[in-house]
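**Student:** So here's query-v1.txt (compact mmCIF, N, CA and C atoms and all ligand atoms).
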# COMPACT_ATOMS: atom_id res chain seq x y z
N MET X 320 49.91 -8.18 -105.00
CA MET X 320 49.74 -9.40 -104.19
C MET X 320 50.55 -10.56 -104.80
N HIS X 321 50.36 -10.79 -106.09
CA HIS X 321 51.08 -11.89 -106.74
C HIS X 321 52.58 -11.61 -106.77
N ALA X 322 52.95 -10.35 -107.03
CA ALA X 322 54.37 -10.00 -107.08
C ALA X 322 55.02 -10.25 -105.72
N ARG X 323 54.27 -9.93 -104.63
CA ARG X 323 54.83 -10.14 -103.30
C ARG X 323 55.04 -11.64 -103.05
N LEU X 324 54.05 -12.45 -103.45
CA LEU X 324 54.17 -13.89 -103.24
C LEU X 324 55.33 -14.46 -104.05
N LEU X 325 55.53 -13.91 -105.26
CA LEU X 325 56.64 -14.37 -106.09
C LEU X 325 57.97 -14.03 -105.44
N ASP X 326 58.06 -12.81 -104.88
CA ASP X 326 59.28 -12.42 -104.17
C ASP X 326 59.53 -13.35 -102.99
N GLU X 327 58.46 -13.68 -102.27
CA GLU X 327 58.61 -14.59 -101.13
C GLU X 327 59.10 -15.96 -101.60
N ALA X 328 58.56 -16.41 -102.73
CA ALA X 328 58.99 -17.71 -103.27
C ALA X 328 60.46 -17.67 -103.62
N LYS X 329 60.92 -16.54 -104.19
CA LYS X 329 62.34 -16.42 -104.54
C LYS X 329 63.20 -16.38 -103.28
N ASN X 330 62.68 -15.74 -102.21
CA ASN X 330 63.44 -15.70 -100.97
C ASN X 330 63.57 -17.10 -100.37
N LYS X 331 62.46 -17.86 -100.49
CA LYS X 331 62.49 -19.21 -99.93
C LYS X 331 63.45 -20.09 -100.73
N GLU X 332 63.58 -19.78 -102.02
CA GLU X 332 64.48 -20.56 -102.86
C GLU X 332 65.36 -19.59 -103.64
N PRO X 333 66.48 -19.14 -103.02
CA PRO X 333 67.29 -18.09 -103.61
C PRO X 333 67.85 -18.44 -104.99
N CYS X 334 67.96 -19.75 -105.29
CA CYS X 334 68.54 -20.12 -106.58
C CYS X 334 67.51 -20.05 -107.70
N LEU X 335 66.27 -19.65 -107.37
CA LEU X 335 65.21 -19.64 -108.38
C LEU X 335 65.58 -18.74 -109.56
N GLU X 336 66.06 -17.52 -109.27
CA GLU X 336 66.41 -16.60 -110.36
C GLU X 336 67.61 -17.09 -111.14
N LYS X 337 68.58 -17.66 -110.40
CA LYS X 337 69.78 -18.17 -111.07
C LYS X 337 69.42 -19.29 -112.05
N LYS X 338 68.50 -20.15 -111.62
CA LYS X 338 68.09 -21.25 -112.49
C LYS X 338 67.49 -20.73 -113.78
N MET X 339 66.83 -19.57 -113.69
CA MET X 339 66.16 -19.03 -114.87
C MET X 339 67.15 -18.61 -115.96
N GLU X 340 68.44 -18.58 -115.61
CA GLU X 340 69.44 -18.26 -116.62
C GLU X 340 69.50 -19.33 -117.70
N TYR X 341 69.08 -20.54 -117.36
CA TYR X 341 69.11 -21.62 -118.33
C TYR X 341 67.91 -21.50 -119.25
N SER X 342 68.04 -22.07 -120.45
CA SER X 342 67.00 -21.86 -121.46
C SER X 342 65.64 -22.34 -121.00
N ASN X 343 65.57 -23.47 -120.31
CA ASN X 343 64.27 -23.95 -119.86
C ASN X 343 64.06 -23.68 -118.38
N GLY X 344 64.90 -22.86 -117.79
CA GLY X 344 64.74 -22.52 -116.39
C GLY X 344 65.54 -23.40 -115.46
N PHE X 345 66.06 -24.53 -115.97
CA PHE X 345 66.79 -25.45 -115.11
C PHE X 345 68.00 -26.01 -115.84
N PRO X 346 69.07 -26.27 -115.09
CA PRO X 346 70.17 -27.01 -115.71
C PRO X 346 69.71 -28.43 -115.98
N ARG X 347 70.14 -29.01 -117.05
CA ARG X 347 69.76 -30.40 -117.32
C ARG X 347 70.68 -31.33 -116.55
N LYS X 348 70.32 -32.61 -116.52
CA LYS X 348 71.17 -33.66 -115.96
C LYS X 348 71.41 -33.50 -114.46
N ARG X 349 70.41 -33.16 -113.70
CA ARG X 349 70.57 -33.23 -112.26
C ARG X 349 69.36 -33.95 -111.70
N ASP X 350 69.55 -34.57 -110.54
CA ASP X 350 68.44 -35.29 -109.92
C ASP X 350 67.35 -34.30 -109.51
N VAL X 351 66.13 -34.67 -109.75
CA VAL X 351 64.98 -33.85 -109.35
C VAL X 351 64.12 -34.71 -108.43
N SER X 352 63.84 -34.21 -107.24
CA SER X 352 63.04 -35.00 -106.30
C SER X 352 61.55 -34.69 -106.45
N LEU X 353 60.73 -35.64 -106.04
CA LEU X 353 59.29 -35.39 -106.04
C LEU X 353 58.95 -34.27 -105.07
N GLN X 354 59.71 -34.19 -103.96
CA GLN X 354 59.48 -33.10 -103.00
C GLN X 354 59.72 -31.74 -103.64
N GLU X 355 60.77 -31.65 -104.45
CA GLU X 355 61.05 -30.38 -105.13
C GLU X 355 59.92 -30.02 -106.09
N LEU X 356 59.45 -31.01 -106.83
CA LEU X 356 58.35 -30.75 -107.76
C LEU X 356 57.10 -30.31 -107.00
N SER X 357 56.82 -31.00 -105.88
CA SER X 357 55.66 -30.64 -105.05
C SER X 357 55.74 -29.18 -104.62
N LYS X 358 56.93 -28.81 -104.16
CA LYS X 358 57.13 -27.45 -103.65
C LYS X 358 56.95 -26.41 -104.77
N ARG X 359 57.54 -26.71 -105.92
CA ARG X 359 57.43 -25.77 -107.05
C ARG X 359 55.98 -25.64 -107.52
N LEU X 360 55.27 -26.77 -107.52
CA LEU X 360 53.87 -26.75 -107.95
C LEU X 360 53.01 -25.98 -106.96
N ALA X 361 53.30 -26.15 -105.66
CA ALA X 361 52.54 -25.42 -104.64
C ALA X 361 52.76 -23.91 -104.80
N GLU X 362 54.00 -23.52 -105.07
CA GLU X 362 54.30 -22.10 -105.28
C GLU X 362 53.62 -21.58 -106.55
N PHE X 363 53.67 -22.40 -107.60
CA PHE X 363 53.05 -22.04 -108.88
C PHE X 363 51.56 -21.74 -108.69
N ALA X 364 50.88 -22.60 -107.93
CA ALA X 364 49.45 -22.42 -107.69
C ALA X 364 49.20 -21.21 -106.78
N GLU X 365 50.02 -21.09 -105.73
CA GLU X 365 49.78 -20.04 -104.74
C GLU X 365 49.90 -18.64 -105.34
N VAL X 366 50.98 -18.40 -106.11
CA VAL X 366 51.18 -17.05 -106.64
C VAL X 366 50.14 -16.67 -107.69
N ARG X 367 49.44 -17.66 -108.23
CA ARG X 367 48.39 -17.38 -109.21
C ARG X 367 47.00 -17.39 -108.60
N GLY X 368 46.93 -17.66 -107.30
CA GLY X 368 45.62 -17.76 -106.64
C GLY X 368 44.84 -18.97 -107.11
N TRP X 369 45.56 -20.03 -107.52
CA TRP X 369 44.91 -21.22 -108.07
C TRP X 369 44.70 -22.33 -107.06
N ASP X 370 45.11 -22.11 -105.82
CA ASP X 370 44.92 -23.14 -104.79
C ASP X 370 43.47 -23.57 -104.72
N GLN X 371 42.58 -22.58 -104.85
CA GLN X 371 41.13 -22.86 -104.73
C GLN X 371 40.67 -23.88 -105.79
N TYR X 372 41.35 -23.91 -106.95
CA TYR X 372 40.94 -24.84 -108.01
C TYR X 372 41.63 -26.20 -107.90
N HIS X 373 42.73 -26.25 -107.13
CA HIS X 373 43.49 -27.49 -107.04
C HIS X 373 42.94 -28.41 -105.96
N SER X 374 41.68 -28.79 -106.13
CA SER X 374 41.07 -29.77 -105.23
C SER X 374 41.47 -31.16 -105.74
N PRO X 375 41.40 -32.17 -104.88
CA PRO X 375 41.75 -33.52 -105.34
C PRO X 375 40.97 -33.93 -106.59
N ARG X 376 39.67 -33.68 -106.60
CA ARG X 376 38.87 -34.12 -107.76
C ARG X 376 39.27 -33.39 -109.04
N ASN X 377 39.46 -32.05 -108.94
CA ASN X 377 39.86 -31.29 -110.12
C ASN X 377 41.21 -31.75 -110.65
N LEU X 378 42.12 -32.02 -109.74
CA LEU X 378 43.46 -32.45 -110.16
C LEU X 378 43.41 -33.84 -110.80
N LEU X 379 42.54 -34.70 -110.25
CA LEU X 379 42.39 -36.03 -110.85
C LEU X 379 41.86 -35.91 -112.28
N LEU X 380 40.86 -35.05 -112.48
CA LEU X 380 40.29 -34.89 -113.82
C LEU X 380 41.33 -34.29 -114.78
N ALA X 381 42.11 -33.33 -114.27
CA ALA X 381 43.17 -32.73 -115.10
C ALA X 381 44.21 -33.80 -115.46
N LEU X 382 44.53 -34.66 -114.49
CA LEU X 382 45.49 -35.74 -114.74
C LEU X 382 44.98 -36.68 -115.83
N VAL X 383 43.73 -37.06 -115.73
CA VAL X 383 43.15 -37.97 -116.73
C VAL X 383 43.16 -37.31 -118.12
N GLY X 384 42.86 -36.00 -118.14
CA GLY X 384 42.91 -35.27 -119.42
C GLY X 384 44.29 -35.31 -120.04
N GLU X 385 45.30 -35.14 -119.20
CA GLU X 385 46.68 -35.16 -119.72
C GLU X 385 47.09 -36.57 -120.15
N VAL X 386 46.60 -37.59 -119.46
CA VAL X 386 46.86 -38.97 -119.90
C VAL X 386 46.27 -39.17 -121.30
N GLY X 387 45.10 -38.56 -121.54
CA GLY X 387 44.48 -38.62 -122.87
C GLY X 387 45.39 -37.96 -123.92
N GLU X 388 45.94 -36.79 -123.58
CA GLU X 388 46.84 -36.10 -124.52
C GLU X 388 48.09 -36.92 -124.77
N LEU X 389 48.58 -37.58 -123.73
CA LEU X 389 49.75 -38.45 -123.88
C LEU X 389 49.42 -39.63 -124.81
N SER X 390 48.24 -40.19 -124.62
CA SER X 390 47.83 -41.34 -125.45
C SER X 390 47.72 -40.95 -126.92
N GLU X 391 47.27 -39.73 -127.17
CA GLU X 391 47.12 -39.27 -128.56
C GLU X 391 48.44 -39.33 -129.33
N ILE X 392 49.53 -39.12 -128.63
CA ILE X 392 50.84 -39.13 -129.30
C ILE X 392 51.13 -40.51 -129.89
N PHE X 393 50.67 -41.57 -129.18
CA PHE X 393 50.95 -42.94 -129.62
C PHE X 393 49.83 -43.53 -130.48
N GLN X 394 48.72 -42.80 -130.50
CA GLN X 394 47.53 -43.32 -131.18
C GLN X 394 47.81 -43.56 -132.67
N TRP X 395 47.42 -44.72 -133.18
CA TRP X 395 47.50 -45.09 -134.59
C TRP X 395 48.94 -45.26 -135.11
N LYS X 396 49.91 -45.24 -134.23
CA LYS X 396 51.30 -45.33 -134.70
C LYS X 396 51.75 -46.78 -134.89
N GLY X 397 51.02 -47.74 -134.35
CA GLY X 397 51.55 -49.10 -134.29
C GLY X 397 52.57 -49.19 -133.17
N GLU X 398 53.29 -50.31 -133.10
CA GLU X 398 54.28 -50.45 -132.02
C GLU X 398 55.42 -49.46 -132.24
N VAL X 399 55.94 -48.97 -131.12
CA VAL X 399 56.99 -47.95 -131.18
C VAL X 399 58.26 -48.54 -130.57
N ALA X 400 59.38 -48.42 -131.27
CA ALA X 400 60.64 -49.00 -130.77
C ALA X 400 61.15 -48.23 -129.56
N LYS X 401 61.76 -48.96 -128.62
CA LYS X 401 62.35 -48.30 -127.44
C LYS X 401 63.41 -47.30 -127.88
N GLY X 402 63.45 -46.17 -127.18
CA GLY X 402 64.42 -45.13 -127.54
C GLY X 402 63.91 -44.20 -128.63
N LEU X 403 62.77 -44.57 -129.21
CA LEU X 403 62.11 -43.73 -130.23
C LEU X 403 63.07 -43.33 -131.36
N PRO X 404 63.75 -44.31 -131.97
CA PRO X 404 64.82 -43.99 -132.93
C PRO X 404 64.37 -43.18 -134.15
N ASN X 405 63.11 -43.34 -134.54
CA ASN X 405 62.70 -42.64 -135.77
C ASN X 405 61.89 -41.38 -135.51
N TRP X 406 61.84 -40.96 -134.27
CA TRP X 406 61.04 -39.78 -133.94
C TRP X 406 61.84 -38.51 -134.13
N SER X 407 61.17 -37.46 -134.57
CA SER X 407 61.83 -36.15 -134.70
C SER X 407 62.05 -35.56 -133.31
N SER X 408 62.94 -34.57 -133.22
CA SER X 408 63.16 -33.92 -131.91
C SER X 408 61.90 -33.18 -131.47
N ASP X 409 61.12 -32.67 -132.41
CA ASP X 409 59.85 -32.01 -132.05
C ASP X 409 58.88 -33.01 -131.42
N ASP X 410 58.80 -34.21 -132.02
CA ASP X 410 57.90 -35.23 -131.48
C ASP X 410 58.36 -35.67 -130.09
N LYS X 411 59.68 -35.78 -129.91
CA LYS X 411 60.20 -36.18 -128.59
C LYS X 411 59.93 -35.08 -127.55
N GLU X 412 60.06 -33.84 -127.98
CA GLU X 412 59.79 -32.72 -127.05
C GLU X 412 58.32 -32.71 -126.66
N HIS X 413 57.46 -32.97 -127.63
CA HIS X 413 56.01 -33.05 -127.33
C HIS X 413 55.74 -34.15 -126.31
N LEU X 414 56.39 -35.30 -126.51
CA LEU X 414 56.22 -36.41 -125.56
C LEU X 414 56.72 -36.01 -124.17
N GLU X 415 57.87 -35.35 -124.11
CA GLU X 415 58.39 -34.89 -122.81
C GLU X 415 57.38 -33.99 -122.11
N GLU X 416 56.75 -33.12 -122.88
CA GLU X 416 55.79 -32.18 -122.28
C GLU X 416 54.57 -32.91 -121.72
N GLU X 417 54.04 -33.84 -122.50
CA GLU X 417 52.83 -34.54 -122.03
C GLU X 417 53.14 -35.46 -120.85
N LEU X 418 54.30 -36.12 -120.89
CA LEU X 418 54.70 -36.94 -119.73
C LEU X 418 54.84 -36.05 -118.50
N SER X 419 55.40 -34.87 -118.69
CA SER X 419 55.59 -33.94 -117.57
C SER X 419 54.26 -33.49 -117.01
N ASP X 420 53.30 -33.17 -117.88
CA ASP X 420 51.98 -32.76 -117.40
C ASP X 420 51.36 -33.85 -116.52
N VAL X 421 51.48 -35.10 -116.97
CA VAL X 421 50.94 -36.22 -116.19
C VAL X 421 51.64 -36.30 -114.84
N LEU X 422 52.96 -36.24 -114.86
CA LEU X 422 53.73 -36.31 -113.61
C LEU X 422 53.37 -35.16 -112.67
N LEU X 423 53.29 -33.97 -113.22
CA LEU X 423 53.05 -32.79 -112.38
C LEU X 423 51.67 -32.84 -111.71
N TYR X 424 50.65 -33.23 -112.49
CA TYR X 424 49.32 -33.33 -111.87
C TYR X 424 49.28 -34.47 -110.84
N LEU X 425 50.00 -35.57 -111.12
CA LEU X 425 50.03 -36.69 -110.17
C LEU X 425 50.70 -36.25 -108.85
N VAL X 426 51.83 -35.58 -108.98
CA VAL X 426 52.56 -35.12 -107.80
C VAL X 426 51.72 -34.11 -107.01
N ARG X 427 51.07 -33.22 -107.73
CA ARG X 427 50.23 -32.20 -107.07
C ARG X 427 49.03 -32.85 -106.37
N LEU X 428 48.45 -33.85 -107.03
CA LEU X 428 47.31 -34.56 -106.45
C LEU X 428 47.73 -35.22 -105.13
N ALA X 429 48.86 -35.91 -105.15
CA ALA X 429 49.34 -36.55 -103.92
C ALA X 429 49.58 -35.51 -102.84
N ASP X 430 50.15 -34.37 -103.24
CA ASP X 430 50.47 -33.33 -102.26
C ASP X 430 49.22 -32.76 -101.60
N VAL X 431 48.20 -32.41 -102.41
CA VAL X 431 47.00 -31.83 -101.79
C VAL X 431 46.22 -32.88 -100.99
N CYS X 432 46.50 -34.17 -101.24
CA CYS X 432 45.89 -35.22 -100.41
C CYS X 432 46.71 -35.46 -99.14
N GLY X 433 47.83 -34.76 -99.02
CA GLY X 433 48.67 -34.89 -97.82
C GLY X 433 49.48 -36.17 -97.80
N LEU X 434 49.78 -36.71 -98.98
CA LEU X 434 50.52 -37.98 -99.06
C LEU X 434 51.95 -37.75 -99.51
N ASP X 435 52.84 -38.62 -99.07
CA ASP X 435 54.23 -38.58 -99.52
C ASP X 435 54.37 -39.61 -100.63
N LEU X 436 54.27 -39.15 -101.87
CA LEU X 436 54.20 -40.07 -103.01
C LEU X 436 55.50 -40.86 -103.18
N GLY X 437 56.64 -40.23 -102.94
CA GLY X 437 57.92 -40.94 -103.08
C GLY X 437 58.00 -42.12 -102.13
N GLN X 438 57.68 -41.88 -100.84
CA GLN X 438 57.72 -42.96 -99.86
C GLN X 438 56.67 -44.02 -100.18
N ALA X 439 55.49 -43.57 -100.59
CA ALA X 439 54.42 -44.52 -100.93
C ALA X 439 54.84 -45.42 -102.09
N ALA X 440 55.52 -44.84 -103.07
CA ALA X 440 55.94 -45.62 -104.24
C ALA X 440 57.01 -46.64 -103.85
N LEU X 441 57.93 -46.23 -102.97
CA LEU X 441 58.96 -47.18 -102.51
C LEU X 441 58.31 -48.33 -101.75
N THR X 442 57.34 -48.01 -100.89
CA THR X 442 56.62 -49.05 -100.14
C THR X 442 55.90 -50.00 -101.10
N LYS X 443 55.33 -49.41 -102.16
CA LYS X 443 54.58 -50.24 -103.12
C LYS X 443 55.52 -51.17 -103.89
N ILE X 444 56.73 -50.70 -104.18
CA ILE X 444 57.71 -51.56 -104.86
C ILE X 444 58.04 -52.78 -103.98
N VAL X 445 58.18 -52.55 -102.67
CA VAL X 445 58.46 -53.66 -101.75
C VAL X 445 57.28 -54.64 -101.76
N LYS X 446 56.06 -54.11 -101.71
CA LYS X 446 54.87 -54.99 -101.74
C LYS X 446 54.82 -55.77 -103.05
N ASN X 447 55.15 -55.09 -104.15
CA ASN X 447 55.13 -55.77 -105.46
C ASN X 447 56.12 -56.94 -105.48
N ALA X 448 57.29 -56.72 -104.86
CA ALA X 448 58.33 -57.76 -104.84
C ALA X 448 57.88 -58.96 -104.01
N GLN X 449 57.12 -58.67 -102.94
CA GLN X 449 56.60 -59.78 -102.11
C GLN X 449 55.51 -60.54 -102.86
N LYS X 450 54.72 -59.81 -103.59
CA LYS X 450 53.61 -60.44 -104.33
C LYS X 450 54.12 -61.25 -105.52
N TYR X 451 55.19 -60.76 -106.14
CA TYR X 451 55.76 -61.41 -107.33
C TYR X 451 57.22 -61.76 -107.06
N PRO X 452 57.47 -62.81 -106.26
CA PRO X 452 58.86 -63.16 -105.93
C PRO X 452 59.63 -63.61 -107.17
N VAL X 453 60.95 -63.40 -107.13
CA VAL X 453 61.80 -63.84 -108.24
C VAL X 453 61.86 -65.36 -108.21
N THR X 454 61.59 -65.97 -109.35
CA THR X 454 61.67 -67.43 -109.41
C THR X 454 62.98 -67.82 -110.07
N SER X 455 63.66 -68.78 -109.44
CA SER X 455 64.95 -69.22 -109.98
C SER X 455 64.73 -69.98 -111.29
N THR X 456 65.59 -69.71 -112.26
CA THR X 456 65.48 -70.43 -113.55
C THR X 456 66.43 -71.60 -113.61
N ASN X 457 67.24 -71.81 -112.49
CA ASN X 457 68.21 -72.93 -112.49
C ASN X 457 67.53 -74.23 -112.09
N1 LIG X 501 44.83 -24.90 -113.21
C1 LIG X 501 46.02 -25.31 -113.67
C2 LIG X 501 46.31 -25.25 -115.05
C3 LIG X 501 47.55 -25.68 -115.48
N2 LIG X 501 48.46 -26.15 -114.60
C4 LIG X 501 49.77 -26.62 -115.03
C5 LIG X 501 49.97 -28.10 -114.81
C6 LIG X 501 50.28 -28.67 -116.17
O1 LIG X 501 51.69 -28.99 -116.23
C7 LIG X 501 49.99 -27.58 -117.16
C8 LIG X 501 48.74 -27.82 -117.95
O2 LIG X 501 48.48 -26.68 -118.70
P1 LIG X 501 47.35 -26.66 -119.81
O3 LIG X 501 46.02 -26.91 -119.18
O4 LIG X 501 47.52 -25.39 -120.58
O5 LIG X 501 47.62 -27.95 -120.71
P2 LIG X 501 48.71 -28.17 -121.85
O6 LIG X 501 50.01 -27.61 -121.43
O7 LIG X 501 48.64 -29.65 -122.14
O8 LIG X 501 48.17 -27.31 -123.07
P3 LIG X 501 47.22 -27.81 -124.25
O9 LIG X 501 46.06 -28.52 -123.59
O10 LIG X 501 46.85 -26.53 -124.94
O11 LIG X 501 48.05 -28.75 -125.08
O12 LIG X 501 49.91 -26.37 -116.41
C9 LIG X 501 48.15 -26.18 -113.24
O13 LIG X 501 48.99 -26.58 -112.43
N3 LIG X 501 46.93 -25.77 -112.81
What do you get writing this file as structure tokens?
**Tutor:**
Amino acid sequence: MHARLLDEAKNKEPCLEKKMEYSNGFPRKRDVSLQELSKRLAEFAEVRGWDQYHSPRNLLLALVGEVGELSEIFQWKGEVAKGLPNWSSDDKEHLEEELSDVLLYLVRLADVCGLDLGQAALTKIVKNAQKYPVTSTN
């Protein structure tokens, strides 16, 4: 059953196997859309039979848990310089992973709620600009 669903996922996205040639499964330095992440996450859950667990509430709790893991990285460090100049590559990789977990659960949560998070975020940026207009310093 799972193998069949995986084959179907590969048929829907023929470049899936090709992408796996890269060390992390993807070429670096290309734009990634929220829609693409949503689709990949939906496939990830479907082929594992995990749709039943991906309810809005469960995903929200998972998201909050990952925000906690992200916070632990910065906990007790004091202020951290932009660009993380003194961090090891292992520490940066850990940060990438925790940021990704937060993003992935957020994107999945929006998807199972039937929302278009990318469009919603653009709309919110416009609202933010109206609420906080640029004030001239001249
Ligand atoms: N039911 C699940 C479980 C996991 N994931 C995905 C989304 C996250 O990107 C990642 C989270 O996996 P873990 O729960 O294993 O958490 P960590 O990767 O943070 O591992 P750990 O808590 O051991 O550091 O896997 C998912 O979509 N649905």
**Student:** Could I get the residues of chain X with an atom no further than 6 Å from an atom of ligand LIG 501 (chain X), each paired with its nearest atom pair and that distance in Å to one decimal, using all atoms listed in the file, sorted by chain and residue number, as a Markdown table?
**Tutor:**
| residue | atom | partner | partner_atom | distance |
| --- | --- | --- | --- | --- |
| X:Ser419 | C | X:LIG501 | O1 | 5.2 |
| X:Asp420 | CA | X:LIG501 | O1 | 4.0 |
| X:Leu423 | CA | X:LIG501 | O1 | 5.6 |
| X:Tyr424 | N | X:LIG501 | C5 | 5.7 |
**Student:** Using only N, CA and C atoms, determine which residues lie at most 8 Å from X:Gly384, disregarding the query and same-chain residues fewer than 6 positions distant; provide the list as number ranges by chain.
**Tutor:** X: 378, 390, 421
**Student:** Write out as a PDB file with N, CA and C atoms, in the frame of the given file each polymer residue whose atoms come within 8 Å of X:Leu418, counting all atoms listed in the file; drop sequence neighbours fewer than 5 positions from it.
**Tutor:**
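For reference, result31.pdb as written:
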ATOM      1  N   GLU X 385      45.300 -35.140-119.200  1.00  0.00           N
ATOM      2  CA  GLU X 385      46.680 -35.160-119.720  1.00  0.00           C
ATOM      3  C   GLU X 385      47.090 -36.570-120.150  1.00  0.00           C
ATOM      4  N   VAL X 386      46.600 -37.590-119.460  1.00  0.00           N
ATOM      5  CA  VAL X 386      46.860 -38.970-119.900  1.00  0.00           C
ATOM      6  C   VAL X 386      46.270 -39.170-121.300  1.00  0.00           C
ATOM      7  N   GLU X 388      45.940 -36.790-123.580  1.00  0.00           N
ATOM      8  CA  GLU X 388      46.840 -36.100-124.520  1.00  0.00           C
ATOM      9  C   GLU X 388      48.090 -36.920-124.770  1.00  0.00           C
ATOM     10  N   LEU X 389      48.580 -37.580-123.730  1.00  0.00           N
ATOM     11  CA  LEU X 389      49.750 -38.450-123.880  1.00  0.00           C
ATOM     12  C   LEU X 389      49.420 -39.630-124.810  1.00  0.00           C
ATOM     13  N   GLU X 412      60.060 -33.840-127.980  1.00  0.00           N
ATOM     14  CA  GLU X 412      59.790 -32.720-127.050  1.00  0.00           C
ATOM     15  C   GLU X 412      58.320 -32.710-126.660  1.00  0.00           C
ATOM     16  N   HIS X 413      57.460 -32.970-127.630  1.00  0.00           N
ATOM     17  CA  HIS X 413      56.010 -33.050-127.330  1.00  0.00           C
ATOM     18  C   HIS X 413      55.740 -34.150-126.310  1.00  0.00           C
ATOM     19  N   LEU X 423      53.290 -33.970-113.220  1.00  0.00           N
ATOM     20  CA  LEU X 423      53.050 -32.790-112.380  1.00  0.00           C
ATOM     21  C   LEU X 423      51.670 -32.840-111.710  1.00  0.00           C
ATOM     22  N   TYR X 424      50.650 -33.230-112.490  1.00  0.00           N
ATOM     23  CA  TYR X 424      49.320 -33.330-111.870  1.00  0.00           C
ATOM     24  C   TYR X 424      49.280 -34.470-110.840  1.00  0.00           C
TER      25      TYR X 424
END
**Student:** Using atom CA of X:Arg367 and atom C of X:Arg427 as the two end points, give the distance in Å to one decimal.
**Tutor:**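 For atom CA of X:Arg367 relative to atom C of X:Arg427, the distance reads 15.7 Å.
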**Student:** Using atom CA of X:Ser357 and atom CA of X:Val426 as the two end points, give the distance in Å to one decimal.
**Tutor:** 6.1 Å
**Student:** Please identify which residues in stretch 353-384 of chain X DSSP calls alpha helix (DSSP H) from the backbone, and express them as a list in words.
**Tutor:**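 Reading the DSSP output for stretch 353-384 of chain X, alpha helix (DSSP H) covers Leu353, Gln354, Glu355, Leu356, Ser357, Lys358, Arg359, Leu360, Ala361, Glu362, Phe363, Ala364, Glu365, Val366, Pro375, Arg376, Asn377, Leu378, Leu379, Leu380, Ala381, Leu382, Val383 and Gly384 of chain X.
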**Student:** Quick one, how far is atom N of X:Asn377 from atom CA of X:Asp435?
**Tutor:** 18.7 Å
